[in-house]
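What follows is one structure encoded as structure tokens, with my remarks underneath.
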Number of protein chains: 2
Amino acid sequence: MDEVRAVVGAGHVSTGQTDRWGYGRDLWPQAQIWQRQGRNPFPPDLVAWPGSVAEVQQLVAVCRKHRVPLVPYGAGSGVCGSAIPEHGGLVMDLKRLSAIRHLDPVSGLVEAEAGLIGQLLEDQLHAQGWTMGHYPSSINSSTLGGYLATRSAGQLSSRYGKIEDMVVALEAVLPDGQLWRSVPTPRSATGPDLKQLLIGSEGTLGVITAATMRIWPLPPVRQFQSYVFPSVGPGLEAMREIMQKGLRPAVVRLYDEADTSLALGSVGLEAEGCLLIWMLEGDDAGVELESNAVSDTCLRRGGISMGRKPGEHWYAHRHSMGYRQAQILPDPTGLVDTFEVATTWANLIPLYDAVRRALKQHAYTMAHFSHAYPEGCSIYFTALWEAENPESSEDAYRAAWDSALSACREAGGTISHHHGIGRQKAAWLKAELGPAYDMLTTIKQALDPDNIFNPGNLGLGPSRWMATGAGRDA
Amino acid sequence: MDEVRAVVGAGHVSTGQTDRWGYGRDLWPQAQIWQRQGRNPFPPDLVAWPGSVAEVQQLVAVCRKHRVPLVPYGAGSGVCGSAIPEHGGLVMDLKRLSAIRHLDPVSGLVEAEAGLIGQLLEDQLHAQGWTMGHYPSSINSSTLGGYLATRSAGQLSSRYGKIEDMVVALEAVLPDGQLWRSVPTPRSATGPDLKQLLIGSEGTLGVITAATMRIWPLPPVRQFQSYVFPSVGPGLEAMREIMQKGLRPAVVRLYDEADTSLALGSVGLEAEGCLLIWMLEGDDAGVELESNAVSDTCLRRGGISMGRKPGEHWYAHRHSMGYRQAQILPDPTGLVDTFEVATTWANLIPLYDAVRRALKQHAYTMAHFSHAYPEGCSIYFTALWEAENPESSEDAYRAAWDSALSACREAGGTISHHHGIGRQKAAWLKAELGPAYDMLTTIKQALDPDNIFNPGNLGLGPSRWMATGAGRDA
């Protein structure tokens with residue numbers, strides 16, 4: 001504690017109950033259940049707010065020296081328990097590292113620090129006529145570092161890519177305590193891409209402190225279209241056709257029947273079937289070309305136009321849902337969670353059916369298809385269910401996840417498209433990666449032999465949650 | 001030897017002098033110098049041609065058991081000495097693993113084995129109406145596995161991406177001998193992307209045996225344009241403007257003054273300045289949109305149209321140059337090599353000037369700018385020079401490289417955009433990666449403690465070439 005205080009100053013470290021309570025959880029629904037039960041099984045021992053990269057490095061040195069677990073922390077909006085300090089130790093909140101260091105208008109690049117909140121980054125970019133194009137629904141309570149640590153996707157990813165597609169250079173404190181600044185370059189052939197080892201490492205392989213990201217001029221034109229299809233199948237075919245033409249609509253969202261009635265109802269429309277929303281942006285010529293392709297394709301495949309209203313409404317209200325979700329939970333037995341899988345187009349319907357079948361035994365489920373690529377697409381399930389009683393909430397929560405994750409793996413999907421792994425999916429990460437998980441374990445042990453960095457996350461090192469049956473005994 | 005024979009059969013292993021000579025080198029100009037001097041300093045002890053993934057796994061087991069160096073080998077067209085068995089041992093030629101296992105027309109994916117020659121892959125895809133869009137100049141003598149192992153780029157990369165952008169799934173024998181088949185998915189958030197650790201590992205972290213790659217329908221329309229600009233600057237601005245609009249021309253090549261006179265001369269044209277070639281492909285609407293944007297941009301920036309001939313000529317003859325290069329070398333003192341660096345747009349001219357200045361002391365140098373991205377571009381230098389006498393060829397070769405690589409590093413460029421590292425650039429890889437090189441070394445030691453996999457490559461483990469001063473004492 002003295003050494004931490006010496007690094008960050010007395011005003012930037014805390015062992016107070018409120019901070020230990022607040023930093024003992026993130027937006028993982030499992031943590032909401034604990035919260036509801038008045039429990040906080042995994043509080044950190046202390047929380048520190050470093051004010052510079054040098055201080056981050058010094059904190060890493062202190063933790064290494066004393067073998068204290070270190071959990072890098074952005075804004076705590078992760079939904080898989082990645083930032084929960086299962087083994088106590090130090091939570092390092094990076095939000096004071098929030099500078100935009102450099103905007104390079106010639107190359108279209110911005111270098112920003114890891115603790116910068118997504119919306120604040122976009123606000124500053126917009127003011128200068130730029131956008132990074134990364135708009136996750138958590139944008140008001142998530143950071144650049146958090147995006148990178150978890151392989152985040154924004155709602156406009158079909159045009160701008162996922163966060164890992166936007167990174168041009170990375171700055172990080174490596175597990176051995178050295179500061180690495182990778183060379184900014186569009187591509188290179190200089191051995192393995194080690195940036196991609198830190199991206200997605202969720203705090204287990206060092207601390208990302210800054211990144212150089214691709215940015216784009218704010219698009220002058222934006223257009224919405226929407227169509228209703230008789231079922232999921234032809235809607236997916238329309239999406240696939242557009243993506244395989246090499247076009248890049250900013251948003252493509254196809255709702256299944258259950259999700260469609262909600263989406264249409266919210267704009268006072270009604271129709272049987274599945275709603276497909278498009279948002280196109282760019283310059284006049286680009287949007288016109290995409291617009292023609294989209295309407296031709298949708299009409300040819302049996303879509304009925306619903307105009308621009310459903311898309312506009314979704315866009316205007318797109319940030320409300322994520323935050324409202326937590327408010328559904330307060331009922332002592334209600335449960336809600338989301339699950340975002342992905343696979344190739346050929347395997348999409350089988351994966352959709354398999355996961356839906358598995359969840360059906362537990363929950364009311366709806367889904368939409370978004371984040372589309374030439375070779376495949378993700379599926380975003382929302383599940384709502386109820387435990388028998390407050391005490392069995394955690395068992396009910398786990399049981400549904402066991403079913404859904406097993407079904408996804410059996411059907412050949414990836415268990416996460418953009419929420420990450422955390423504690424929630426760690427056991428299935430092993431199943432998905434197979435022999436490569438052994439490789440990851442060996443790498444983790446070699447780089448971080450004392451298991452300082454976010455121990456237990458991704459299943460790397462013992463997990464108290466997994467071992468004790470939901471942290472009951474903690 | 002007996003154990004290797006038991007795995008692959010007597011007909012598929014050799015210790016013959018011809019094979020040991022042939023497999024002791026690749027297309028690294030350093031190896032051409034040895035060849036010219038009648039030397040072959042680093043022959044393998046034996047060469048094996050496994051016929052299946054199971055045999056690859058068994059050969060890995062044999063090498064691990066006896067701690068025999070193992071060098072995976074594609075078609076030997078690498079230009080940095082990556083496939084040279086510096087420490088003897090077994091060269092494993094993968095060309096018998098050449099099957100197209102599966103073409104998925106719904107997802108636009110092909111799964112093919114690592115030893116398949118690029119042109120044969122394209123031929124089979126073309127016959128079914130598809131292309132992978134990867135056309136390196138070595139396409140007749142390079143393999144899918146080689147592309148992945150070295151982070152190759154094809155000439156149409158501005159549209160289709162580099163090889164690492166096209167991979168959807170990977171199959172590899174990991175250093176511990178296990179076979180890993182990654183889950184085919186467009187993206188995932190399942191921890192670090194371990195595929196990117198094998199891609200670019202140049203045989204040091206296992207053996208890539210197959211991959212699932214994105215493919216595209218053959219484009220119905222192709223169009224060439226070319227312009228001459230008074231200097232490199234406005235030509236680069238035109239390239240940058242198009243890429244930053246988000247357009248994706250298949251080819252963008254800007255020749256500097258030296259390279260331009262060669263390129264124009266070959267079609268019987270003459271003009272002062274710098275030639276910029278565009279090749280656009282896609283459907284009618286897409287090519288029309290790009291075509292208008294390209295001609296507007298080039299004319300507005302002072303370009304003078306040279307019609308389609310220079311581009312058509314380049315395209316028709318694009319494979320001749322790489323092979324001709326080796327024929328320039330037979331003169332006992334002549335030297336020729338290429339150097340492909342990359343950086344952001346803002347740093348492009350400074351990097352170009354720095355490398356050219358460094359090479360000028362040694363060689364006649366020309367360059368072109370290709371492989372363009374929204375945030376930057378690569379520069380491809382061709383250097384021609386002469387040693388004082390045959391004996392000093394190697395010193396002259398090394399001296400020029402020392403200068404060029406140092407200059408590139410000082411100017412902030414990456415030392416390789418797509419040729420890779422091999423032995424040639426290993427010392428500078430360390431300089432470029434900095435602390436991350438220590439991380440790579442730790443990973444290598446942890447995964448391959450006996451340094452079986454291509455020892456010395458990328459500077460991982462002792463390099464006889466680097467240690468002995470050009471393999472003179474070998």
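Residues in the structure tokens are named by chain (A, B, ... in the order shown) and by number from 1 within that chain; ligands are numbered from 1 in the order shown.
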Within 6 Å of chain A: residues of chain B, using only C-alpha atoms, as an MDAnalysis selection string
chainID B and resid 106:108 151 180 185:186 188:193 196:197 199:201 343:346 375:376 416:418 420:421 435 443
Output as a PyMOL selection string all residues of segment 34-101 of chain A that backbone DSSP marks as helix (DSSP H, G or I).
chain A and resi 34-36+53-66
Within 9 Å of Pro50 of chain B, counting only C-alpha atoms, which residues show up once you throw out same-chain ones fewer than 3 positions away? Write them as a ChimeraX atom specification, please.
/B:7-9,12-13,53-56,59,92-97
Any chance you could list, as a PyMOL selection string, the residues in segment 56-258 of chain B that come up strand (DSSP E or B) when DSSP is run on the backbone?
chain B and resi 70-73+90-93+100-104+109-113+117+130-131+143+167-173+179-181+207-214+216-217+221-229+251-255
Produce a file of the selected residues containing C-alpha atoms, as a compact mmCIF listing (two decimals), in the first residue's frame.
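After the write, part-v4.txt holds the following:
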```txt
# COMPACT_ATOMS: atom_id res chain seq x y z
CA LEU B 70 13.07 -29.32 -38.53
CA VAL B 71 12.58 -26.81 -41.34
CA PRO B 72 9.13 -26.75 -42.97
CA TYR B 73 9.52 -26.07 -46.68
CA LEU B 90 15.37 -32.39 -41.58
CA VAL B 91 13.81 -30.30 -44.30
CA MET B 92 10.15 -31.21 -44.56
CA ASP B 93 8.82 -30.40 -48.03
CA ILE B 100 -8.29 -28.65 -52.01
CA ARG B 101 -10.30 -30.25 -49.27
CA HIS B 102 -13.50 -28.29 -49.51
CA LEU B 103 -14.97 -25.39 -51.40
CA ASP B 104 -17.92 -23.77 -49.61
CA LEU B 109 -14.43 -20.25 -48.44
CA VAL B 110 -11.90 -22.78 -49.60
CA GLU B 111 -10.02 -25.15 -47.35
CA ALA B 112 -6.72 -26.14 -48.93
CA GLU B 113 -3.55 -27.82 -47.81
CA ILE B 117 1.21 -24.08 -55.23
CA TRP B 130 -13.79 -18.19 -57.90
CA THR B 131 -10.56 -16.44 -56.96
CA THR B 143 2.67 -22.37 -51.62
CA VAL B 167 -7.47 -16.48 -43.36
CA VAL B 168 -10.64 -17.69 -41.72
CA ALA B 169 -9.23 -20.83 -40.09
CA LEU B 170 -5.88 -22.51 -39.70
CA GLU B 171 -4.71 -26.09 -39.24
CA ALA B 172 -1.26 -26.57 -37.77
CA VAL B 173 0.93 -28.98 -35.90
CA LEU B 179 -2.74 -30.86 -34.27
CA TRP B 180 -4.84 -27.72 -33.97
CA ARG B 181 -7.79 -26.92 -36.18
CA VAL B 207 3.98 -26.40 -39.07
CA ILE B 208 0.97 -24.95 -40.86
CA THR B 209 -0.73 -27.86 -42.65
CA ALA B 210 -3.91 -26.32 -44.09
CA ALA B 211 -6.02 -23.19 -44.04
CA THR B 212 -9.54 -22.04 -44.77
CA MET B 213 -9.36 -18.94 -46.94
CA ARG B 214 -11.89 -16.36 -48.10
CA TRP B 216 -14.58 -14.23 -54.17
CA PRO B 217 -16.55 -14.78 -57.36
CA VAL B 221 -15.19 -6.39 -65.13
CA ARG B 222 -11.56 -5.27 -65.14
CA GLN B 223 -10.28 -1.84 -66.11
CA PHE B 224 -6.85 -0.20 -66.36
CA GLN B 225 -5.96 3.46 -66.09
CA SER B 226 -2.60 5.19 -65.92
CA TYR B 227 -1.35 8.71 -65.35
CA VAL B 228 1.94 10.52 -65.27
CA PHE B 229 2.58 12.98 -62.45
CA VAL B 251 -3.83 -2.53 -58.06
CA VAL B 252 -2.26 0.85 -57.31
CA ARG B 253 1.35 1.26 -58.36
CA LEU B 254 3.26 4.50 -58.46
CA TYR B 255 6.74 4.32 -59.96
```
Non-local contacts of segment 17-28 of chain A (7 Å; only C-alpha atoms; under 5 positions in same chain excluded) as a list in words:
Asn40, Phe42, Pro43, Pro44, Asp45, Leu46, Gly76, Ser77, Gly78, Val79, Cys80, Gly81, Ala83, Ile84 and Pro85 of chain A
Written file, previous selection with N, CA, C and O atoms, as a PDB file, in the first residue's frame:
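File written: result.pdb
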```pdb
ATOM      1  N   ASN A  40     -20.773  -9.614  -2.273  1.00  0.00           N
ATOM      2  CA  ASN A  40     -19.705  -9.074  -3.106  1.00  0.00           C
ATOM      3  C   ASN A  40     -18.494  -9.972  -2.885  1.00  0.00           C
ATOM      4  O   ASN A  40     -17.558  -9.626  -2.186  1.00  0.00           O
ATOM      5  N   PHE A  42     -15.867 -11.069  -4.415  1.00  0.00           N
ATOM      6  CA  PHE A  42     -14.480 -10.921  -4.876  1.00  0.00           C
ATOM      7  C   PHE A  42     -14.017  -9.464  -4.897  1.00  0.00           C
ATOM      8  O   PHE A  42     -13.651  -8.946  -5.954  1.00  0.00           O
ATOM      9  N   PRO A  43     -14.002  -8.793  -3.776  1.00  0.00           N
ATOM     10  CA  PRO A  43     -13.549  -7.397  -3.795  1.00  0.00           C
ATOM     11  C   PRO A  43     -12.040  -7.323  -3.953  1.00  0.00           C
ATOM     12  O   PRO A  43     -11.320  -8.236  -3.534  1.00  0.00           O
ATOM     13  N   PRO A  44     -11.531  -6.238  -4.543  1.00  0.00           N
ATOM     14  CA  PRO A  44     -10.086  -6.052  -4.581  1.00  0.00           C
ATOM     15  C   PRO A  44      -9.603  -5.611  -3.192  1.00  0.00           C
ATOM     16  O   PRO A  44     -10.403  -5.173  -2.364  1.00  0.00           O
ATOM     17  N   ASP A  45      -8.294  -5.732  -2.967  1.00  0.00           N
ATOM     18  CA  ASP A  45      -7.738  -5.224  -1.714  1.00  0.00           C
ATOM     19  C   ASP A  45      -7.551  -3.713  -1.785  1.00  0.00           C
ATOM     20  O   ASP A  45      -7.721  -3.022  -0.805  1.00  0.00           O
ATOM     21  N   LEU A  46      -7.183  -3.256  -2.971  1.00  0.00           N
ATOM     22  CA  LEU A  46      -7.084  -1.808  -3.146  1.00  0.00           C
ATOM     23  C   LEU A  46      -7.292  -1.432  -4.602  1.00  0.00           C
ATOM     24  O   LEU A  46      -7.168  -2.265  -5.496  1.00  0.00           O
ATOM     25  N   GLY A  76     -15.640  -0.870 -16.581  1.00  0.00           N
ATOM     26  CA  GLY A  76     -16.459  -1.861 -15.872  1.00  0.00           C
ATOM     27  C   GLY A  76     -17.739  -2.273 -16.546  1.00  0.00           C
ATOM     28  O   GLY A  76     -18.656  -2.771 -15.903  1.00  0.00           O
ATOM     29  N   SER A  77     -17.827  -2.093 -17.887  1.00  0.00           N
ATOM     30  CA  SER A  77     -19.072  -2.478 -18.549  1.00  0.00           C
ATOM     31  C   SER A  77     -18.993  -3.850 -19.202  1.00  0.00           C
ATOM     32  O   SER A  77     -19.897  -4.241 -19.938  1.00  0.00           O
ATOM     33  N   GLY A  78     -17.931  -4.575 -18.957  1.00  0.00           N
ATOM     34  CA  GLY A  78     -17.825  -5.935 -19.494  1.00  0.00           C
ATOM     35  C   GLY A  78     -18.938  -6.809 -18.946  1.00  0.00           C
ATOM     36  O   GLY A  78     -19.391  -6.614 -17.820  1.00  0.00           O
ATOM     37  N   VAL A  79     -19.393  -7.765 -19.744  1.00  0.00           N
ATOM     38  CA  VAL A  79     -20.546  -8.569 -19.339  1.00  0.00           C
ATOM     39  C   VAL A  79     -20.188 -10.033 -19.094  1.00  0.00           C
ATOM     40  O   VAL A  79     -21.056 -10.890 -19.023  1.00  0.00           O
ATOM     41  N   CYS A  80     -18.876 -10.325 -18.988  1.00  0.00           N
ATOM     42  CA  CYS A  80     -18.458 -11.714 -18.778  1.00  0.00           C
ATOM     43  C   CYS A  80     -17.597 -11.882 -17.521  1.00  0.00           C
ATOM     44  O   CYS A  80     -16.984 -12.920 -17.328  1.00  0.00           O
ATOM     45  N   GLY A  81     -17.493 -10.840 -16.716  1.00  0.00           N
ATOM     46  CA  GLY A  81     -16.734 -10.978 -15.467  1.00  0.00           C
ATOM     47  C   GLY A  81     -15.236 -10.862 -15.625  1.00  0.00           C
ATOM     48  O   GLY A  81     -14.473 -11.273 -14.745  1.00  0.00           O
ATOM     49  N   ALA A  83     -13.295  -8.277 -15.503  1.00  0.00           N
ATOM     50  CA  ALA A  83     -12.617  -7.307 -14.631  1.00  0.00           C
ATOM     51  C   ALA A  83     -12.842  -7.593 -13.160  1.00  0.00           C
ATOM     52  O   ALA A  83     -12.498  -6.778 -12.305  1.00  0.00           O
ATOM     53  N   ILE A  84     -13.397  -8.744 -12.842  1.00  0.00           N
ATOM     54  CA  ILE A  84     -13.656  -9.059 -11.430  1.00  0.00           C
ATOM     55  C   ILE A  84     -12.385  -9.608 -10.775  1.00  0.00           C
ATOM     56  O   ILE A  84     -11.825 -10.593 -11.240  1.00  0.00           O
ATOM     57  N   PRO A  85     -11.924  -8.947  -9.710  1.00  0.00           N
ATOM     58  CA  PRO A  85     -10.664  -9.372  -9.087  1.00  0.00           C
ATOM     59  C   PRO A  85     -10.855 -10.603  -8.208  1.00  0.00           C
ATOM     60  O   PRO A  85     -10.836 -10.512  -6.980  1.00  0.00           O
TER      61      PRO A  85
END
```
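Our summary of the geometry notes that atom CA of Gln35 of chain B is positioned 20.5 Å from atom CA of Ser142 of chain B.
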Looking at only C-alpha atoms, which of B:Glu312, B:Glu391, B:Asp353, B:Asp2 is the one that sits closest to Asp256 of chain B?
B:Asp353
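Excluding Glu270 of chain A itself and any same-chain residue fewer than 2 positions from it, the protein and nucleic acid residues within 12 Å of it, counting only C-alpha atoms, are Val228, Glu257, Thr260, Ser261, Leu262, Ala263, Leu264, Gly265, Ser266, Val267, Gly268, Glu272, Gly273, Cys274, Leu275, Met306 and Pro310 of chain A.
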Keeping only C-alpha atoms, write the selected residues to a file as a compact mmCIF listing (two decimals), in the first residue's frame.
```
# COMPACT_ATOMS: atom_id res chain seq x y z
CA VAL A 228 -39.78 -7.49 -43.82
CA GLU A 257 -39.76 -13.27 -35.44
CA THR A 260 -39.14 -8.30 -34.90
CA SER A 261 -42.42 -7.82 -33.07
CA LEU A 262 -40.58 -5.82 -30.40
CA ALA A 263 -38.65 -3.77 -32.98
CA LEU A 264 -41.67 -2.97 -35.15
CA GLY A 265 -43.95 -2.41 -32.18
CA SER A 266 -41.67 0.34 -30.92
CA VAL A 267 -42.38 2.40 -34.06
CA GLY A 268 -46.09 1.57 -34.17
CA GLU A 272 -45.52 -10.83 -39.75
CA GLY A 273 -42.00 -12.07 -40.35
CA CYS A 274 -38.48 -10.84 -39.89
CA LEU A 275 -37.33 -7.24 -40.03
CA MET A 306 -40.95 -0.81 -44.41
CA PRO A 310 -37.58 1.30 -38.19
```
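Nearest to Pro249 of chain A of all the residues A:Ala61, A:Val232, A:Leu156, A:Ala358 is A:Leu156, counting only C-alpha atoms.
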